[in-house]
Amino acid sequence: MRTLSRSISIGLLALAFAAGPVAAAEKLKIGFITTLAGPLGIIGKHMKDSVDLAVEHLGGKVGGLETEIIFGDDQVKPDVGKQIADEMLKRHKVQFVSGIIWSNVMLAVAPTVTNAGTFMIGTNAGPHQLAGKQCSKYFFTTSWQNDSTPEAMGHVMNDQKLTDVYVMAPNYAAGKDMVNGFKRSFKGRIAGEVYTKLGQQDYQAEISQLRARNPKAVFVFYPGGMGIQFVKQFTAAGLRDQFPLYSVYTVDEVTLPALKDVAVGQFETRYWSPDLDNAANKKYVSDFRKKYGYTPSFYGAQSYDGIMLIDSAVRAVKGNLNDKAGMIKAMEKADYASTRGKYTYNTNHFPIQNYYLLEAVRNPAGEVEMQIQKVVLENQKDNYYKECKMK
Amino acid sequence: MSFLIILEQILNGLQFGVMLFLMAAGLTLVFGIMNLVNLAHGSLYMVGAYLATAAYQWTGSFPLAVVLALLGTLVVGMLVELVALRTLYERDHLDQVLATFGLILFFNELIAIVWGRAALYTSLPGYLQGHVEFATGMIYPVYRLLIILVGFAVAGLLWYVVTKTRLGMLIRAGASNRTMVAALGVNIRFLYTIVFGFGAALAGLAGLLAGPIYTAQPGMGELILIQVFVVIVIGGIGSIRGAPMART
């Protein structure tokens with residue numbers, strides 16, 4: 001019995017090795033990691049829907065090749081994310097890994113993928129380590145470096161001559177990056193700095209502390225469901241009229257359907273908005289609304305761009321997935337119709353792009369939506385590219 | 001200023017304590033009287049949160065949603081008792097833990113199938129969204145005050161039912177000597193179903209109150225269950241009076 005099962009498993013192993021390389025050569029496999037469950041899973045839905053739409057726009061063939069997308073749920077846990085990435089690399093033999101919302105997950109996954117000589121196309125998280133010392137030629141991102149967006153908000157708040165600002169963010173890699181970015185450009189005094197648990201739902205205790213400190217303004221970074229909870233509780237506690245609230249990645253198309261009127265008048269800085277005026281973006285936003293019946297978010301736009309970037313790379317090497325140097329060269333040109341308009345890649349493979357000031361306003365149809373007010377930073381480079389020695 | 005923040009944090013603590021009390025009261029009721037370890041109590045809390053959210057979206061009236069969710073969890077609790085737990089009373093505690101743990105998995109999957117894995121966000125009706133100002137600088141959200149009040153009301157009601165009414169007398173008698181009560185002509189099985197149903201409704205009440213604050217999501221019950229077990233162990237297992245004491 002024992003020898004029988006052993007010989008069967010040896011036979012299966014041999015089959016797997018024999019079948020592996022053949023399948024890899026004719027099919028493009030992309031592993032897409034995001035968060036699909038729990039209060040933060042709402043972001044993953046935006047990303048997954050956008051990936052599906054991008055593949056549909058390309059006629060089911062990314063880069064002209066038969067395409068298979070394998071989705072993975074990281075549960076906001078770095079160890080789970082790494083495990084999924086390992087499985088994608090070893091079992092599915094993917095040529096690209098993409099997605100990833102959370103910077104702490106990204107820091108665990110990106111080295112695993114790039115050390116295996118596989119491409120990592122980030123579509124959200126942009127921790128400073130990957131833009132600087134830990135940069136890799138196999139790593140590209142269609143999003144931003146974490147520090148840049150809050151840096152833009154720092155400039156906006158300088159212009160309004162604000163000081164005594166109370167700063168709040170979740171306690172993880174991106175939370176720290178966001179606060180560092182903000183403090184780099186913001187000239188006024190910081191009244192307090194509070195980090196909360198990632199995924200926290202109840203902020204009443206922190207809100208009481210905030211009120212006791214009596215700052216002049218509040219700056220927060222609370223993505224996804226955390227943003228919904230924080231802004232609602234901030235408003236319910238009666239602080240809305242007392243302290244002006246400025247935020248990044250908190251009030252957006254993911255949280256607006258739940259926040260509605262509570263968000264009106266809220267300012268955010270961002271590199272993208274649904275009302276950004278270019279052909280690729282118009283097509284993306286209108287087809288997305290038609291297909292899924294809701295407004296896409298920047299999380300979705302980046303994920304859509306990620307698939308389009310991969311498409312441009314695979315086309316440039318005419319489907320020869322072994323020509324990795326050729327694909328790196330092609331992606332460095334960013335030669336595709338991005339939803340943010342034309343942009344270029346810096347030496348660390350992070351975009352050089354504009355950051356805008358957005359405001360949540362009520363449109364004629366009575367819905368609350370984000371609208372671009374002005375450009376804050378033009379062709380902004382992140383602060384870490386000089387530390388990147390690309391090998 | 002420092003006095004105000006202490007006062008406000010006391011209220012915050014009280015509000016969280018009340019949530020734990022509502023959960024613990026139901027759990028300890030079931031454990032003390034029926035001698036049943038029910039790990040699935042957290043699932044009933046989740047069911048309460050989901051039913052309230054769904055009913056509020058469906059009817060558009062918050063009080064009506066509360067009533068529907070309470071009745072809903074009562075019925076779900078009684079069904080669970082009839083179908084699954086009835087056979088477990090004579091068994092060992094370990095068997096009960098195993099079976100009710102199975103129920104946790106069952107309910108989490110069921111909720112995920114019906115409502116999806118993503119969390120549900122509810123907004124409160126306008127009159128509960130606001131805040132009250134006790135004194136200058138001392139502001140507190142109305143909804144959280146409501147939770148505290150509901151907690152105290154339920155504590156009073158439970159005390160009254162258990163010590164002053166005929167139902168309470170039967171419950172207490174059943175707890176000390178089951179066979180004797182049955183011999184006196186009381187349908188003890190039916191009594192247990194009712195007790196379990198009320199325990200479930202208490203969990204449901206905690207769940208529906210928690211929904212708007214913590215968001216309704218699969219697995220939300222397990223997050224709070226551990227703290228609830230701590231509360232009932234400190235308060236003395238099976239003692240309803242112990243539960244509110246312990247939570248403070």
# chains A, B, ... in the order shown; residues from 1 in each chain; ligands from 1

$ residues_around --residues "B:Ser61" --least-positions-apart "4" --cutoff "12 Å" --atoms "only C-alpha atoms" --output "list of chain:residue names"
B:Ala52, B:Thr53, B:Ala54, B:Ala55, B:Tyr56, B:Gln57, B:Ala65, B:Val66, B:Val67, B:Leu68, B:Ser123, B:Leu124, B:Pro125, B:Gly126, B:Tyr127

$ interface_residues --of "chain A" --to "chain B" --cutoff "12 Å" --atoms "only C-alpha atoms" --output "PyMOL selection string"
chain A and resi 35-46+73+75+199-214+224-240+242+254-262

$ write_last_selection --atoms "C-alpha atoms" --output "CSV table (one decimal), in the first residue's frame"
chain,number,residue,atom,x,y,z
A,35,THR,CA,-8.2,41.9,0.1
A,36,LEU,CA,-11.6,40.6,-0.5
A,37,ALA,CA,-13.2,39.9,2.9
A,38,GLY,CA,-14.0,41.9,6.0
A,39,PRO,CA,-14.4,45.6,6.5
A,40,LEU,CA,-11.4,46.4,4.2
A,41,GLY,CA,-12.5,44.0,1.5
A,42,ILE,CA,-14.6,46.7,-0.1
A,43,ILE,CA,-11.4,48.0,-1.7
A,44,GLY,CA,-10.5,44.6,-3.2
A,45,LYS,CA,-13.9,44.5,-5.0
A,46,HIS,CA,-13.0,47.8,-6.8
A,73,ASP,CA,-7.1,37.2,-0.7
A,75,GLN,CA,-6.7,39.1,4.6
A,199,GLY,CA,-8.6,47.7,10.7
A,200,GLN,CA,-9.9,49.4,13.9
A,201,GLN,CA,-13.6,50.1,13.8
A,202,ASP,CA,-14.4,52.2,16.9
A,203,TYR,CA,-12.5,55.5,17.3
A,204,GLN,CA,-14.5,57.0,20.2
A,205,ALA,CA,-11.6,56.8,22.7
A,206,GLU,CA,-9.2,58.5,20.3
A,207,ILE,CA,-11.8,61.1,19.4
A,208,SER,CA,-12.2,62.0,23.1
A,209,GLN,CA,-8.4,62.5,23.3
A,210,LEU,CA,-8.5,64.6,20.2
A,211,ARG,CA,-11.1,66.9,21.6
A,212,ALA,CA,-9.2,67.3,24.8
A,213,ARG,CA,-6.1,68.4,22.9
A,214,ASN,CA,-8.2,71.1,21.1
A,224,GLY,CA,-11.4,51.9,3.1
A,225,GLY,CA,-13.8,50.9,5.8
A,226,MET,CA,-11.7,52.6,8.5
A,227,GLY,CA,-12.4,56.0,6.7
A,228,ILE,CA,-16.2,55.3,6.8
A,229,GLN,CA,-16.1,54.6,10.5
A,230,PHE,CA,-13.8,57.4,11.4
A,231,VAL,CA,-15.5,60.2,9.5
A,232,LYS,CA,-18.9,59.1,10.7
A,233,GLN,CA,-17.9,58.9,14.4
A,234,PHE,CA,-15.9,62.2,14.1
A,235,THR,CA,-19.2,63.8,12.8
A,236,ALA,CA,-21.4,62.1,15.4
A,237,ALA,CA,-19.1,63.4,18.2
A,238,GLY,CA,-19.9,66.9,17.0
A,239,LEU,CA,-16.3,67.7,15.9
A,240,ARG,CA,-17.1,68.4,12.3
A,242,GLN,CA,-15.3,72.5,15.5
A,254,VAL,CA,-15.0,53.6,-2.0
A,255,THR,CA,-16.2,55.4,1.1
A,256,LEU,CA,-18.5,58.0,-0.5
A,257,PRO,CA,-21.5,55.6,-1.0
A,258,ALA,CA,-21.5,55.0,2.7
A,259,LEU,CA,-20.6,58.6,3.8
A,260,LYS,CA,-22.8,60.5,1.4
A,261,ASP,CA,-23.7,64.0,2.8
A,262,VAL,CA,-21.3,63.6,5.7

$ residues_around --residues "A:Gln95" --least-positions-apart "6" --cutoff "8 Å" --atoms "only C-alpha atoms" --output "JSON list (two decimals) with N, CA and C atoms, in the first residue's frame"
[["chain", "number", "residue", "atom", "x", "y", "z"],
["A", 28, "LEU", "N", -0.26, 33.43, -20.67],
["A", 28, "LEU", "CA", 0.15, 34.47, -19.74],
["A", 28, "LEU", "C", -0.63, 34.29, -18.45],
["A", 29, "LYS", "N", 0.09, 34.15, -17.35],
["A", 29, "LYS", "CA", -0.57, 33.99, -16.05],
["A", 29, "LYS", "C", -0.22, 35.16, -15.14],
["A", 30, "ILE", "N", -1.25, 35.82, -14.63],
["A", 30, "ILE", "CA", -1.04, 36.94, -13.72],
["A", 30, "ILE", "C", -1.69, 36.62, -12.39],
["A", 89, "LEU", "N", 3.72, 31.54, -7.49],
["A", 89, "LEU", "CA", 4.99, 31.36, -8.19],
["A", 89, "LEU", "C", 5.26, 29.89, -8.47],
["A", 118, "THR", "N", 10.60, 37.21, -11.00],
["A", 118, "THR", "CA", 9.27, 37.41, -11.55],
["A", 118, "THR", "C", 8.89, 38.88, -11.38],
["A", 119, "PHE", "N", 8.05, 39.41, -12.30],
["A", 119, "PHE", "CA", 7.66, 40.81, -12.20],
["A", 119, "PHE", "C", 6.63, 41.03, -11.11],
["A", 321, "LEU", "N", 7.74, 35.65, -23.43],
["A", 321, "LEU", "CA", 7.75, 35.96, -22.00],
["A", 321, "LEU", "C", 9.11, 35.71, -21.35]]

$ residues_around --residues "A:Met308" --least-positions-apart "3" --cutoff "8 Å" --atoms "only C-alpha atoms" --output "MDAnalysis selection string"
chainID A and resid 54 62 304:305 311:312 336:338

$ write_last_selection --atoms "C-alpha atoms" --output "compact mmCIF listing (two decimals), in the first residue's frame"
# COMPACT_ATOMS: atom_id res chain seq x y z
CA ALA A 54 -9.22 45.68 -18.34
CA VAL A 62 -3.42 40.58 -22.40
CA TYR A 304 -6.76 48.77 -14.63
CA ASP A 305 -3.51 50.57 -15.47
CA ASP A 311 -0.16 44.39 -21.90
CA SER A 312 2.25 47.01 -23.29
CA TYR A 336 0.16 52.84 -22.79
CA ALA A 337 -3.00 54.91 -22.39
CA SER A 338 -3.07 55.44 -18.62

$ select_by_dssp --residues "stretch 31-117 of chain A" --states "helix (DSSP H, G or I)" --output "PyMOL selection string"
chain A and resi 41-57+78-90+103-115

$ select_by_dssp --residues "stretch 30-232 of chain B" --states "strand (DSSP E)" --output "list in words"
His131, Val132, Glu133, Phe134, Ala135, Met138, Ile139, Tyr140 and Pro141 of chain B

$ atom_distance --atom1 "atom CA of B:Ile226" --atom2 "atom CA of B:Gly168"
28.0 Å

$ closest_residue --among "B:Phe107, B:Phe31, B:Phe62, B:Tyr89" --to "B:Met46" --atoms "only C-alpha atoms"
B:Phe107

$ atom_distance --atom1 "atom CA of A:Ile70" --atom2 "atom CA of A:Asp86"
12.8 Å

$ atom_distance --atom1 "atom CA of A:Met178" --atom2 "atom CA of A:Thr149"
7.8 Å

$ closest_residue --among "A:Ser50, A:Ser148, A:Thr142, A:Ser185" --to "A:Asn383" --atoms "only C-alpha atoms"
A:Ser148
